[in-house]
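Down below is the structure, laid out as structure tokens.
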Amino acid sequence: MTVNSVDPISWSALREIVHHNRLAQLKRAPEVTAEYHKYKHHIAVLNTSVFKHLVCVQLKWASEAFYLDPAYNDTNINLPLVSNKSTSHKLFMFSEDTLILPNHFPYNLEQNIKHLVVWSKILIKSIEEENEENDKPIEKNQTPINDNTTQFQIPGDISLRNKSIIHKYIVKTFHKKHHIKEENILWFRNFNHLQSIKTLSHIHVLVKDVPSHTLDAILETEGALLTEQDYLDIDKQLHNL
């Protein structure tokens with residue numbers, strides 16, 4: 001199945017795209033793309049960056065002094081040094097490390113589908129990055145978590161353990177806490193070359209048929225954070241595969 005940038009993407013098409021890891025097929029509508037370029041131009045006029053606008057203005061993880069300081073740029077900053085330091089090396093365990101925001105420039109989706117982003121100070125590495133760091137061979141033929149997650153691994157994908165951690169957080173937050181049906185939730189991590197903002201890890205979450213009051217309760221929160229027991233359960237599950 002292929003999609004274009006004019007016709008909104010349906011939920012069934014989204015499920016297939018995410019399940020088969022065809023993330024490059026996700027496009028913005030032309031008018032949203034134009035708005036995004038206008039936004040980037042405005043940021044450039046201020047002599048700052050999209051990343052610094054995100055960290056300082058939207059996430060509020062750093063002061064606005066950093067936002068306009070030309071001494072810092074996207075390649076030489078160290079986020080923990082300019083923001084509240086991350087409190088754990090584990091994903092989704094502390095509120096200081098995690099925040100859910102709307103995607104202000106979403107993909108071209110049908111109106112009943114909303115596009116959210118979970119931002120994290122904890123780096124989510126690709127399999128290649130993890131294996132290079134640990135001097136391990138590349139993992140192959142991973143088992144899918146379920147039909148709402150990526151099944152087919154390609155270069156730039158993340159490990160089964162990271163997928164399990166993310167999936168646990170997504171289920172706890174969107175299904176168990178906010179009572180969204182699991183079949184109405186999709187999530188993915190974009191490959192590095194597809195990311196608009198590469199400097200800060202984030203997960204895309206797509207939800208269908210969610211009331212506005214539920215979205216309001218989710219946005220600008222850390223979601224339902226994971227516990228040490230959650231991590232133990234994940235590792236036990238993976239050990240038994």
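Chain lettering (A, B, ...) mirrors the order of the structure tokens, residue numbering begins at 1 for each chain separately, and ligand numbering begins at 1 in order of display.
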
Give me the residues near A:Pro106 as number ranges by chain, where near means some atom within 10 Å (using only C-alpha atoms) and where sequence neighbours in that chain fewer than 3 positions away do not count. A: 26-29, 32-33, 36, 102-103, 109, 114-117, 204, 206

Excluding same-chain residues fewer than 4 positions from A:Trp119, what lies within 7 Å of it counting only C-alpha atoms, as JSON, numbers by chain? {"A": [98, 99, 100, 201, 202, 203]}

Please build the interface table for stretch 144-215 of chain A against stretch 124-131 of chain A with a cut-off of 7 Å, listing for each qualifying residue the nearest atom pair and the distance in Å to one decimal; count only C-alpha atoms, order rows by chain and increasing number, and write it as JSON lines.
```
{"residue": "A:Gly156", "atom": "CA", "partner": "A:Ser126", "partner_atom": "CA", "distance": 5.3}
{"residue": "A:Asp157", "atom": "CA", "partner": "A:Ser126", "partner_atom": "CA", "distance": 5.5}
{"residue": "A:Ile158", "atom": "CA", "partner": "A:Ser126", "partner_atom": "CA", "distance": 4.5}
{"residue": "A:Ser159", "atom": "CA", "partner": "A:Ile127", "partner_atom": "CA", "distance": 5.5}
{"residue": "A:Ser201", "atom": "CA", "partner": "A:Ile124", "partner_atom": "CA", "distance": 5.9}
```

Using only C-alpha atoms, determine which residues lie at most 9 Å from A:Leu46, disregarding the query and same-chain residues fewer than 4 positions distant; provide the list as an MDAnalysis selection string. chainID A and resid 41:42 68

If we count only C-alpha atoms and set the cut-off at 10 Å, which residues sit around A:Leu123, ignoring sequence neighbours fewer than 5 positions away in its own chain? Please answer as an mmCIF file with N, CA, C and O atoms, in the first residue's frame.
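Result went into part_11.cif, see below:
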```
data_model
loop_
_atom_site.group_PDB
_atom_site.id
_atom_site.type_symbol
_atom_site.label_atom_id
_atom_site.label_comp_id
_atom_site.auth_asym_id
_atom_site.auth_seq_id
_atom_site.Cartn_x
_atom_site.Cartn_y
_atom_site.Cartn_z
ATOM 1 N N HIS A 89 18.971 6.358 34.041
ATOM 2 C CA HIS A 89 19.391 5.947 32.708
ATOM 3 C C HIS A 89 18.319 5.090 32.058
ATOM 4 O O HIS A 89 18.477 4.658 30.918
ATOM 5 N N LYS A 90 17.223 4.852 32.776
ATOM 6 C CA LYS A 90 16.147 4.013 32.264
ATOM 7 C C LYS A 90 15.009 4.870 31.724
ATOM 8 O O LYS A 90 14.621 5.869 32.323
ATOM 9 N N LEU A 91 14.456 4.426 30.610
ATOM 10 C CA LEU A 91 13.368 5.155 29.961
ATOM 11 C C LEU A 91 12.106 5.179 30.818
ATOM 12 O O LEU A 91 11.743 4.176 31.439
ATOM 13 N N THR A 199 18.289 15.316 17.929
ATOM 14 C CA THR A 199 19.091 15.500 19.126
ATOM 15 C C THR A 199 18.407 15.014 20.390
ATOM 16 O O THR A 199 19.057 14.838 21.419
ATOM 17 N N LEU A 200 17.098 14.809 20.332
ATOM 18 C CA LEU A 200 16.343 14.420 21.520
ATOM 19 C C LEU A 200 15.439 13.240 21.169
ATOM 20 O O LEU A 200 14.671 13.303 20.203
ATOM 21 N N SER A 201 15.520 12.182 21.958
ATOM 22 C CA SER A 201 14.750 10.976 21.659
ATOM 23 C C SER A 201 13.256 11.222 21.827
ATOM 24 O O SER A 201 12.828 11.919 22.752
ATOM 25 N N HIS A 202 12.482 10.622 20.949
ATOM 26 C CA HIS A 202 11.027 10.778 21.031
ATOM 27 C C HIS A 202 10.327 9.618 20.341
ATOM 28 O O HIS A 202 10.866 8.997 19.429
#
```

So which residues touch A:Ile197 within 10 Å, counting only C-alpha atoms, skipping near sequence neighbours fewer than 4 positions away, as a ChimeraX atom specification? /A:50-51,54,74,192-193,201-202

I need the chosen residues saved as a PDB file, in the first residue's frame, with N, CA and C atoms.
```pdb
ATOM      1  N   VAL A  50      15.373  24.844  16.005  1.00  0.00           N
ATOM      2  CA  VAL A  50      14.153  24.108  16.336  1.00  0.00           C
ATOM      3  C   VAL A  50      14.360  23.303  17.615  1.00  0.00           C
ATOM      4  N   PHE A  51      15.536  22.704  17.752  1.00  0.00           N
ATOM      5  CA  PHE A  51      15.824  21.915  18.951  1.00  0.00           C
ATOM      6  C   PHE A  51      15.773  22.784  20.204  1.00  0.00           C
ATOM      7  N   LEU A  54      12.290  23.726  21.092  1.00  0.00           N
ATOM      8  CA  LEU A  54      11.607  22.593  21.716  1.00  0.00           C
ATOM      9  C   LEU A  54      11.991  22.471  23.186  1.00  0.00           C
ATOM     10  N   ASP A  74      23.049  22.877  18.199  1.00  0.00           N
ATOM     11  CA  ASP A  74      22.521  21.514  18.285  1.00  0.00           C
ATOM     12  C   ASP A  74      23.613  20.451  18.312  1.00  0.00           C
ATOM     13  N   ASN A 192      16.596   7.392  12.310  1.00  0.00           N
ATOM     14  CA  ASN A 192      17.345   8.639  12.470  1.00  0.00           C
ATOM     15  C   ASN A 192      17.237   9.541  11.246  1.00  0.00           C
ATOM     16  N   HIS A 193      17.321   8.965  10.055  1.00  0.00           N
ATOM     17  CA  HIS A 193      17.337   9.794   8.849  1.00  0.00           C
ATOM     18  C   HIS A 193      15.966  10.401   8.543  1.00  0.00           C
ATOM     19  N   SER A 201      15.520  12.182  21.958  1.00  0.00           N
ATOM     20  CA  SER A 201      14.750  10.976  21.659  1.00  0.00           C
ATOM     21  C   SER A 201      13.256  11.222  21.827  1.00  0.00           C
ATOM     22  N   HIS A 202      12.482  10.622  20.949  1.00  0.00           N
ATOM     23  CA  HIS A 202      11.027  10.778  21.031  1.00  0.00           C
ATOM     24  C   HIS A 202      10.327   9.618  20.341  1.00  0.00           C
TER      25      HIS A 202
END
```

Which residue gives the smallest distance to A:Ile17 among A:Ile234, A:Leu194, A:Leu186, A:Leu226, with only C-alpha atoms counted?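 Ranked by minimum distance to A:Ile17, first place goes to A:Leu186.
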
List the spatial neighbours of stretch 171-181 of chain A as a list in words - criterion: any atom at most 6 Å away, only C-alpha atoms, same-chain residues fewer than 3 positions off excluded.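 Surrounding residues, per the criterion: Lys168, Asn184, Gly223 and Ala224 of chain A.
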
Take the residues just selected and output them with C-alpha atoms as a JSON list (two decimals), in the first residue's frame.
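Result file follows (again.json):
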```json
[["chain", "number", "residue", "atom", "x", "y", "z"],
["A", 168, "LYS", "CA", 4.85, -1.22, 28.35],
["A", 184, "ASN", "CA", -6.84, 2.42, 18.73],
["A", 223, "GLY", "CA", 2.14, 9.65, 31.48],
["A", 224, "ALA", "CA", 2.09, 6.50, 33.62]]
```

May I ask for the distance between atom CA of A:Tyr67 and atom CA of A:Thr48, given in Å to one decimal place? 6.6 Å

Tell me which of A:Asp233, A:Leu101, A:His20, A:Glu31 sits closest to A:Ile218, counting only C-alpha atoms.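 Ranked by minimum distance to A:Ile218, first place goes to A:Leu101.
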
Atom CA of A:His213 to atom CA of A:Ile113: how many Å, to one decimal?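 Calculated distance between atom CA of A:His213 and atom CA of A:Ile113 is 14.8 Å.
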
Given the choices A:Gln195, A:Asn47, A:Ser120, A:Asn21, which gets closest to A:Leu59 if the distance is worked out from only C-alpha atoms?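 Of A:Gln195, A:Asn47, A:Ser120, A:Asn21, the one nearest A:Leu59 is A:Ser120, counting only C-alpha atoms.
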
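Our summary of the geometry notes that atom CA of A:Asn108 is positioned 21.3 Å from atom CA of A:Asp216.
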
Taking the chain letters and numbering used in this document, name the residues of stretch 29-223 of chain A that DSSP puts in helix (DSSP H, G or I), as a PyMOL selection string. chain A and resi 30-45+50-58+64-67+79-82+95-97+127-134+160-177+182-184+192-194+212-218
